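File shown here: upload_27.pdb, holding PDB, C-alpha atoms.
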```pdb
ATOM      1  CA  MET A   1      21.831 -22.326  30.119
ATOM      2  CA  ALA A   2      20.747 -25.995  30.156
ATOM      3  CA  CYS A   3      17.098 -25.165  29.576
ATOM      4  CA  SER A   4      17.945 -22.727  26.771
ATOM      5  CA  SER A   5      20.123 -25.282  25.015
ATOM      6  CA  CYS A   6      17.482 -27.965  25.361
ATOM      7  CA  CYS A   7      14.775 -25.760  23.907
ATOM      8  CA  ALA A   8      16.957 -24.713  21.006
ATOM      9  CA  SER A   9      17.772 -28.334  20.238
ATOM     10  CA  SER A  10      14.113 -29.319  20.434
ATOM     11  CA  ASN A  11      13.061 -26.523  18.100
ATOM     12  CA  THR A  12      15.722 -27.480  15.566
ATOM     13  CA  GLY A  13      14.565 -31.091  15.631
ATOM     14  CA  ALA A  14      10.970 -30.048  15.054
ATOM     15  CA  THR A  15      11.850 -28.030  11.969
ATOM     16  CA  ASN A  16      13.851 -30.971  10.620
ATOM     17  CA  ASP A  17      10.868 -33.317  10.985
ATOM     18  CA  PRO A  18      10.381 -35.352   7.755
ATOM     19  CA  ARG A  19       6.638 -34.640   7.959
ATOM     20  CA  TRP A  20       7.365 -30.907   7.989
ATOM     21  CA  ARG A  21       9.653 -31.195   4.969
ATOM     22  CA  ARG A  22       7.161 -33.378   3.090
ATOM     23  CA  ALA A  23       4.344 -30.919   3.743
ATOM     24  CA  LEU A  24       6.532 -28.034   2.542
ATOM     25  CA  TRP A  25       7.464 -29.830  -0.705
ATOM     26  CA  ILE A  26       3.812 -30.579  -1.487
ATOM     27  CA  ALA A  27       2.846 -26.998  -0.641
ATOM     28  CA  LEU A  28       5.650 -25.634  -2.841
ATOM     29  CA  VAL A  29       4.522 -27.633  -5.889
ATOM     30  CA  VAL A  30       0.824 -26.798  -5.391
ATOM     31  CA  ASN A  31       1.470 -23.077  -4.914
ATOM     32  CA  GLY A  32       3.834 -22.819  -7.864
ATOM     33  CA  ALA A  33       1.280 -24.433 -10.169
ATOM     34  CA  MET A  34      -1.570 -22.274  -8.848
ATOM     35  CA  PHE A  35       0.467 -19.073  -9.291
ATOM     36  CA  VAL A  36       0.898 -19.806 -13.002
ATOM     37  CA  ALA A  37      -2.794 -20.679 -13.420
ATOM     38  CA  GLU A  38      -4.115 -17.668 -11.488
ATOM     39  CA  ILE A  39      -1.849 -15.004 -12.945
ATOM     40  CA  ILE A  40      -2.849 -16.081 -16.467
ATOM     41  CA  ALA A  41      -6.544 -16.199 -15.526
ATOM     42  CA  GLY A  42      -6.347 -12.911 -13.613
ATOM     43  CA  VAL A  43      -4.802 -11.003 -16.512
ATOM     44  CA  ALA A  44      -7.053 -12.657 -19.104
ATOM     45  CA  GLY A  45     -10.183 -12.115 -17.009
ATOM     46  CA  GLY A  46      -9.281  -8.604 -15.824
ATOM     47  CA  SER A  47      -9.649  -9.581 -12.153
ATOM     48  CA  LYS A  48      -7.577  -7.733  -9.541
ATOM     49  CA  ALA A  49      -8.685 -10.227  -6.891
ATOM     50  CA  LEU A  50      -7.334 -13.158  -8.927
ATOM     51  CA  GLN A  51      -4.097 -11.294  -9.562
ATOM     52  CA  ALA A  52      -3.811 -10.568  -5.837
ATOM     53  CA  ASP A  53      -4.379 -14.237  -5.088
ATOM     54  CA  ALA A  54      -1.772 -15.195  -7.694
ATOM     55  CA  LEU A  55       0.784 -12.952  -5.977
ATOM     56  CA  ASP A  56      -0.071 -14.711  -2.713
ATOM     57  CA  PHE A  57       0.696 -18.041  -4.353
ATOM     58  CA  LEU A  58       4.005 -16.649  -5.641
ATOM     59  CA  GLY A  59       4.909 -15.281  -2.225
ATOM     60  CA  ASP A  60       4.005 -18.563  -0.575
ATOM     61  CA  SER A  61       6.078 -20.549  -3.075
ATOM     62  CA  ALA A  62       9.090 -18.479  -2.055
ATOM     63  CA  ASN A  63       8.021 -18.873   1.575
ATOM     64  CA  TYR A  64       8.016 -22.661   1.380
ATOM     65  CA  ALA A  65      11.298 -22.755  -0.556
ATOM     66  CA  ILE A  66      13.036 -20.602   2.075
ATOM     67  CA  SER A  67      11.557 -22.698   4.894
ATOM     68  CA  LEU A  68      12.954 -25.849   3.281
ATOM     69  CA  GLY A  69      16.342 -24.164   3.033
ATOM     70  CA  VAL A  70      16.528 -23.239   6.726
ATOM     71  CA  ALA A  71      14.825 -26.350   8.167
ATOM     72  CA  GLY A  72      17.138 -27.839  10.790
ATOM     73  CA  LEU A  73      19.258 -24.690  11.143
ATOM     74  CA  ALA A  74      19.637 -22.695  14.354
ATOM     75  CA  LEU A  75      16.725 -20.581  15.593
ATOM     76  CA  ALA A  76      18.510 -17.338  14.675
ATOM     77  CA  TRP A  77      18.707 -18.335  10.998
ATOM     78  CA  ARG A  78      15.080 -19.457  10.957
ATOM     79  CA  ALA A  79      14.059 -16.166  12.569
ATOM     80  CA  ARG A  80      16.000 -14.187   9.945
ATOM     81  CA  ALA A  81      14.271 -16.169   7.192
ATOM     82  CA  ALA A  82      10.903 -15.455   8.828
ATOM     83  CA  LEU A  83      11.773 -11.753   9.041
ATOM     84  CA  LEU A  84      12.518 -11.686   5.297
ATOM     85  CA  LYS A  85       9.254 -13.482   4.546
ATOM     86  CA  GLY A  86       7.276 -11.119   6.774
ATOM     87  CA  LEU A  87       8.724  -8.094   5.000
ATOM     88  CA  THR A  88       8.000  -9.665   1.600
ATOM     89  CA  LEU A  89       4.411 -10.472   2.565
ATOM     90  CA  ALA A  90       3.826  -6.905   3.752
ATOM     91  CA  VAL A  91       5.346  -5.434   0.563
ATOM     92  CA  LEU A  92       3.179  -7.683  -1.641
ATOM     93  CA  GLY A  93       0.144  -6.566   0.349
ATOM     94  CA  ILE A  94       0.989  -2.910  -0.231
ATOM     95  CA  TYR A  95       1.448  -3.575  -3.954
ATOM     96  CA  VAL A  96      -1.941  -5.299  -4.229
ATOM     97  CA  LEU A  97      -3.612  -2.473  -2.307
ATOM     98  CA  CYS A  98      -2.134   0.075  -4.714
ATOM     99  CA  ALA A  99      -3.272  -2.034  -7.709
ATOM    100  CA  ALA A 100      -6.806  -2.161  -6.309
ATOM    101  CA  LEU A 101      -6.846   1.608  -5.820
ATOM    102  CA  TRP A 102      -5.580   2.082  -9.373
ATOM    103  CA  GLY A 103      -8.389  -0.189 -10.595
ATOM    104  CA  VAL A 104     -10.996   2.123  -9.032
ATOM    105  CA  TRP A 105     -10.292   4.666 -11.771
ATOM    106  CA  HIS A 106      -8.813   2.603 -14.591
ATOM    107  CA  GLY A 107     -10.134  -0.956 -14.215
ATOM    108  CA  SER A 108     -12.731  -2.835 -16.258
ATOM    109  CA  THR A 109     -15.404  -5.325 -15.197
ATOM    110  CA  PRO A 110     -13.806  -8.781 -14.796
ATOM    111  CA  HIS A 111     -15.236 -12.093 -16.022
ATOM    112  CA  ALA A 112     -17.239 -13.484 -13.096
ATOM    113  CA  GLU A 113     -17.425 -17.055 -14.428
ATOM    114  CA  LEU A 114     -13.656 -17.331 -14.823
ATOM    115  CA  MET A 115     -13.152 -15.821 -11.364
ATOM    116  CA  GLY A 116     -15.483 -18.380  -9.831
ATOM    117  CA  LEU A 117     -13.924 -21.385 -11.534
ATOM    118  CA  VAL A 118     -10.319 -20.448 -10.770
ATOM    119  CA  GLY A 119     -11.204 -19.243  -7.265
ATOM    120  CA  PHE A 120     -12.837 -22.572  -6.400
ATOM    121  CA  THR A 121      -9.825 -24.532  -7.708
ATOM    122  CA  ALA A 122      -7.500 -22.334  -5.646
ATOM    123  CA  LEU A 123      -9.666 -22.824  -2.544
ATOM    124  CA  VAL A 124      -9.411 -26.615  -2.813
ATOM    125  CA  ALA A 125      -5.628 -26.393  -3.288
ATOM    126  CA  ASN A 126      -5.151 -24.060  -0.324
ATOM    127  CA  ALA A 127      -7.495 -26.021   1.927
ATOM    128  CA  VAL A 128      -5.381 -29.145   1.375
ATOM    129  CA  VAL A 129      -2.153 -27.247   2.082
ATOM    130  CA  ALA A 130      -3.574 -25.503   5.172
ATOM    131  CA  PHE A 131      -4.796 -28.842   6.542
ATOM    132  CA  MET A 132      -1.318 -30.345   6.145
ATOM    133  CA  LEU A 133       0.363 -27.403   7.882
ATOM    134  CA  TYR A 134      -2.189 -26.971  10.702
ATOM    135  CA  ARG A 135      -0.205 -29.142  13.137
ATOM    136  CA  PHE A 136       2.807 -26.800  12.787
ATOM    137  CA  ARG A 137       0.912 -23.548  13.494
ATOM    138  CA  THR A 138       2.347 -23.086  17.031
ATOM    139  CA  GLY A 139       6.021 -23.512  16.126
ATOM    140  CA  ASP A 140       8.681 -20.813  15.798
ATOM    141  CA  ALA A 141       8.263 -17.669  13.671
ATOM    142  CA  ASN A 142       9.341 -19.512  10.540
ATOM    143  CA  MET A 143       6.778 -22.299  11.022
ATOM    144  CA  ARG A 144       4.099 -19.816  12.034
ATOM    145  CA  SER A 145       4.787 -17.706   8.944
ATOM    146  CA  VAL A 146       4.049 -20.725   6.749
ATOM    147  CA  TRP A 147       0.776 -21.410   8.560
ATOM    148  CA  ILE A 148      -0.312 -17.743   8.458
ATOM    149  CA  CYS A 149       0.317 -17.521   4.711
ATOM    150  CA  SER A 150      -1.624 -20.731   4.028
ATOM    151  CA  ARG A 151      -4.502 -19.643   6.256
ATOM    152  CA  ASN A 152      -4.701 -16.218   4.641
ATOM    153  CA  ASP A 153      -4.723 -17.773   1.174
ATOM    154  CA  ALA A 154      -7.660 -20.037   2.035
ATOM    155  CA  ILE A 155      -9.576 -17.043   3.396
ATOM    156  CA  GLY A 156      -8.638 -15.081   0.277
ATOM    157  CA  ASN A 157      -9.990 -17.830  -1.991
ATOM    158  CA  VAL A 158     -13.385 -17.695  -0.268
ATOM    159  CA  ALA A 159     -13.325 -13.934  -0.755
ATOM    160  CA  VAL A 160     -12.558 -14.371  -4.477
ATOM    161  CA  LEU A 161     -15.603 -16.625  -4.836
ATOM    162  CA  LEU A 162     -17.770 -14.029  -3.092
ATOM    163  CA  ALA A 163     -16.313 -11.372  -5.390
ATOM    164  CA  ALA A 164     -17.197 -13.476  -8.430
ATOM    165  CA  VAL A 165     -20.800 -13.717  -7.206
ATOM    166  CA  GLY A 166     -20.816  -9.972  -6.581
ATOM    167  CA  VAL A 167     -19.441  -9.131 -10.021
ATOM    168  CA  PHE A 168     -21.972 -11.457 -11.639
ATOM    169  CA  GLY A 169     -24.846  -9.934  -9.668
ATOM    170  CA  THR A 170     -23.935  -6.257  -9.998
ATOM    171  CA  GLY A 171     -22.188  -6.224 -13.371
ATOM    172  CA  THR A 172     -19.524  -3.928 -11.903
ATOM    173  CA  ALA A 173     -15.880  -4.291 -10.819
ATOM    174  CA  TRP A 174     -16.519  -3.053  -7.264
ATOM    175  CA  PRO A 175     -16.789  -6.488  -5.569
ATOM    176  CA  ASP A 176     -13.508  -7.527  -7.225
ATOM    177  CA  LEU A 177     -11.717  -4.364  -6.117
ATOM    178  CA  ILE A 178     -13.066  -4.553  -2.562
ATOM    179  CA  VAL A 179     -11.922  -8.158  -2.174
ATOM    180  CA  ALA A 180      -8.488  -7.300  -3.596
ATOM    181  CA  GLY A 181      -8.227  -4.525  -0.983
ATOM    182  CA  ILE A 182      -9.226  -6.900   1.838
ATOM    183  CA  MET A 183      -6.672  -9.474   0.691
ATOM    184  CA  ALA A 184      -4.016  -6.793   0.611
ATOM    185  CA  MET A 185      -4.794  -5.819   4.205
ATOM    186  CA  LEU A 186      -4.633  -9.498   5.248
ATOM    187  CA  GLY A 187      -1.189  -9.732   3.683
ATOM    188  CA  ILE A 188       0.043  -6.585   5.413
ATOM    189  CA  SER A 189      -1.375  -7.717   8.772
ATOM    190  CA  GLY A 190       0.117 -11.216   8.450
ATOM    191  CA  GLY A 191       3.480  -9.759   7.478
ATOM    192  CA  ILE A 192       3.507  -7.528  10.546
ATOM    193  CA  GLN A 193       2.670 -10.483  12.836
ATOM    194  CA  ILE A 194       5.553 -12.504  11.405
ATOM    195  CA  ILE A 195       7.989  -9.575  11.661
ATOM    196  CA  VAL A 196       7.094  -8.954  15.314
ATOM    197  CA  GLN A 197       7.615 -12.600  16.324
ATOM    198  CA  ALA A 198      10.822 -12.946  14.284
ATOM    199  CA  ARG A 199      12.320  -9.819  15.875
ATOM    200  CA  SER A 200      11.344 -11.118  19.306
ATOM    201  CA  GLU A 201      13.124 -14.425  18.632
ATOM    202  CA  LEU A 202      16.210 -12.646  17.300
ATOM    203  CA  ASN A 203      16.328 -10.380  20.371
ATOM    204  CA  SER A 204      15.905 -13.378  22.700
ATOM    205  CA  GLY A 205      18.777 -15.124  20.915
ATOM    206  CA  ARG A 206      21.024 -12.085  21.293
ATOM    207  CA  ARG A 207      20.197 -11.801  25.020
ATOM    208  CA  GLY A 208      20.931 -15.500  25.464
ATOM    209  CA  TYR A 209      24.287 -15.140  23.672
ATOM    210  CA  THR A 210      25.217 -12.108  25.797
ATOM    211  CA  ALA A 211      24.294 -13.908  29.010
ATOM    212  CA  ALA A 212      26.359 -16.939  27.995
ATOM    213  CA  ALA A 213      29.353 -14.704  27.200
ATOM    214  CA  GLU A 214      29.158 -13.079  30.626
TER     215      GLU A 214
END
```
So, in terms of structure tokens, how does the structure I just supplied come out?
Amino acid sequence: MACSSCCASSNTGATNDPRWRRALWIALVVNGAMFVAEIIAGVAGGSKALQADALDFLGDSANYAISLGVAGLALAWRARAALLKGLTLAVLGIYVLCAALWGVWHGSTPHAELMGLVGFTALVANAVVAFMLYRFRTGDANMRSVWICSRNDAIGNVAVLLAAVGVFGTGTAWPDLIVAGIMAMLGISGGIQIIVQARSELNSGRRGYTAAAE
């Protein structure tokens, strides 16, 4: 009982750390701005990879907002928030995968130059955010979900740049569609990881509550 209470208190204090909140606010502003920029560029340039990356920015904006809302709350509430975010991330990944498959038959060749410019800007933004959140990567499911999303976005931005080079070199949409598919799988995989850890934390909390009641 004493150890469990101490750990719970320590975890709550960590999530209420001013540095954690500051990093989340910066990440929220950066991701919100990049979502607007990328969704406009993705639609205008006909790039599924940019649109997939824009959805990642939207999902992460919601992720950071929820994390700010539950910072300092009990582990059970943070785990529930993480579970919701994991499910959302997986659903967004499935949507992007379906969009990429649709593009195989109905898509057009995107503008490589626009992809490269916006992709590089997004990479810089995500690299800064990922660097800020790196120290929190081993926290609870809620903290880990934030790190996983930021990490996946940085990887996705590199992939968008490679797709832009591929589109420019081949003159076809295939590199764009392949990268969109890879990003979708990253989202689904990350969502599953978050869901598994969040469920584990919720189950541990229930077992602890039952033991205390007995």
Report, as AutoDock Vina command-line options, the axis-aligned box around all atoms of stretch 166-181 of chain A present in the file, extended by 5 Å on each side; give centre and edge lengths in Å to one decimal place.
```
--center_x -16.5 --center_y -7.3 --center_z -7.2 --size_x 26.6 --size_y 18.4 --size_z 22.4
```
Neighbour list for A:Thr109 as a ChimeraX atom specification, cut-off 10 Å, all atoms listed in the file, skip fewer than 2 positions in-chain: /A:45-48,103,107,111-112,167-168,171-177
List, as a PDB file with C-alpha atoms, in the frame of the given file, every residue that the PyMOL selection byres ((chain A and resi 85) around 10) selects in the file provided.
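Saved result, out_22.pdb, follows:
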```
ATOM      1  CA  GLY A  59       4.909 -15.281  -2.225  1.00  0.00           C
ATOM      2  CA  ASP A  60       4.005 -18.563  -0.575  1.00  0.00           C
ATOM      3  CA  ALA A  62       9.090 -18.479  -2.055  1.00  0.00           C
ATOM      4  CA  ASN A  63       8.021 -18.873   1.575  1.00  0.00           C
ATOM      5  CA  TYR A  64       8.016 -22.661   1.380  1.00  0.00           C
ATOM      6  CA  ILE A  66      13.036 -20.602   2.075  1.00  0.00           C
ATOM      7  CA  SER A  67      11.557 -22.698   4.894  1.00  0.00           C
ATOM      8  CA  ALA A  79      14.059 -16.166  12.569  1.00  0.00           C
ATOM      9  CA  ARG A  80      16.000 -14.187   9.945  1.00  0.00           C
ATOM     10  CA  ALA A  81      14.271 -16.169   7.192  1.00  0.00           C
ATOM     11  CA  ALA A  82      10.903 -15.455   8.828  1.00  0.00           C
ATOM     12  CA  LEU A  83      11.773 -11.753   9.041  1.00  0.00           C
ATOM     13  CA  LEU A  84      12.518 -11.686   5.297  1.00  0.00           C
ATOM     14  CA  GLY A  86       7.276 -11.119   6.774  1.00  0.00           C
ATOM     15  CA  LEU A  87       8.724  -8.094   5.000  1.00  0.00           C
ATOM     16  CA  THR A  88       8.000  -9.665   1.600  1.00  0.00           C
ATOM     17  CA  LEU A  89       4.411 -10.472   2.565  1.00  0.00           C
ATOM     18  CA  ALA A  90       3.826  -6.905   3.752  1.00  0.00           C
ATOM     19  CA  VAL A  91       5.346  -5.434   0.563  1.00  0.00           C
ATOM     20  CA  ASN A 142       9.341 -19.512  10.540  1.00  0.00           C
ATOM     21  CA  SER A 145       4.787 -17.706   8.944  1.00  0.00           C
ATOM     22  CA  VAL A 146       4.049 -20.725   6.749  1.00  0.00           C
ATOM     23  CA  CYS A 149       0.317 -17.521   4.711  1.00  0.00           C
ATOM     24  CA  GLY A 191       3.480  -9.759   7.478  1.00  0.00           C
ATOM     25  CA  ILE A 194       5.553 -12.504  11.405  1.00  0.00           C
ATOM     26  CA  ILE A 195       7.989  -9.575  11.661  1.00  0.00           C
ATOM     27  CA  ALA A 198      10.822 -12.946  14.284  1.00  0.00           C
TER      28      ALA A 198
END
```
Hits of the PyMOL selection byres ((chain A and resi 127) around 10) in this structure, as a list of chain:residue names: A:Ala122, A:Leu123, A:Val124, A:Ala125, A:Asn126, A:Val128, A:Val129, A:Ala130, A:Phe131, A:Met132, A:Leu133, A:Ser150, A:Arg151, A:Asp153, A:Ala154, A:Ile155, A:Asn157
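The coordinates place atom CA of A:Tyr95 at 10.2 Å from atom CA of A:Gly187.
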For the PyMOL selection byres ((chain A and resi 184) around 9), applied here, can you spell out every residue it catches as an mmCIF file with C-alpha atoms, in the coordinates of the input?
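Saved result, selection_16.cif, follows:
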```
data_model
loop_
_atom_site.group_PDB
_atom_site.id
_atom_site.type_symbol
_atom_site.label_atom_id
_atom_site.label_comp_id
_atom_site.auth_asym_id
_atom_site.auth_seq_id
_atom_site.Cartn_x
_atom_site.Cartn_y
_atom_site.Cartn_z
ATOM 1 C CA ALA A 52 -3.811 -10.568 -5.837
ATOM 2 C CA ALA A 90 3.826 -6.905 3.752
ATOM 3 C CA LEU A 92 3.179 -7.683 -1.641
ATOM 4 C CA GLY A 93 0.144 -6.566 0.349
ATOM 5 C CA ILE A 94 0.989 -2.910 -0.231
ATOM 6 C CA TYR A 95 1.448 -3.575 -3.954
ATOM 7 C CA VAL A 96 -1.941 -5.299 -4.229
ATOM 8 C CA LEU A 97 -3.612 -2.473 -2.307
ATOM 9 C CA CYS A 98 -2.134 0.075 -4.714
ATOM 10 C CA ALA A 100 -6.806 -2.161 -6.309
ATOM 11 C CA VAL A 179 -11.922 -8.158 -2.174
ATOM 12 C CA ALA A 180 -8.488 -7.300 -3.596
ATOM 13 C CA GLY A 181 -8.227 -4.525 -0.983
ATOM 14 C CA ILE A 182 -9.226 -6.900 1.838
ATOM 15 C CA MET A 183 -6.672 -9.474 0.691
ATOM 16 C CA MET A 185 -4.794 -5.819 4.205
ATOM 17 C CA LEU A 186 -4.633 -9.498 5.248
ATOM 18 C CA GLY A 187 -1.189 -9.732 3.683
ATOM 19 C CA ILE A 188 0.043 -6.585 5.413
ATOM 20 C CA SER A 189 -1.375 -7.717 8.772
#
```
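Shortest atom-to-atom contact with A:Trp147 among A:Pro18, A:Phe120, A:Ala99, A:Leu24: A:Leu24, counting all atoms listed in the file.
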Closest of A:Glu38, A:Asp56, A:Glu113, A:Asp17 to A:Gly190 - atom-to-atom distances counting all atoms listed in the file: A:Asp56
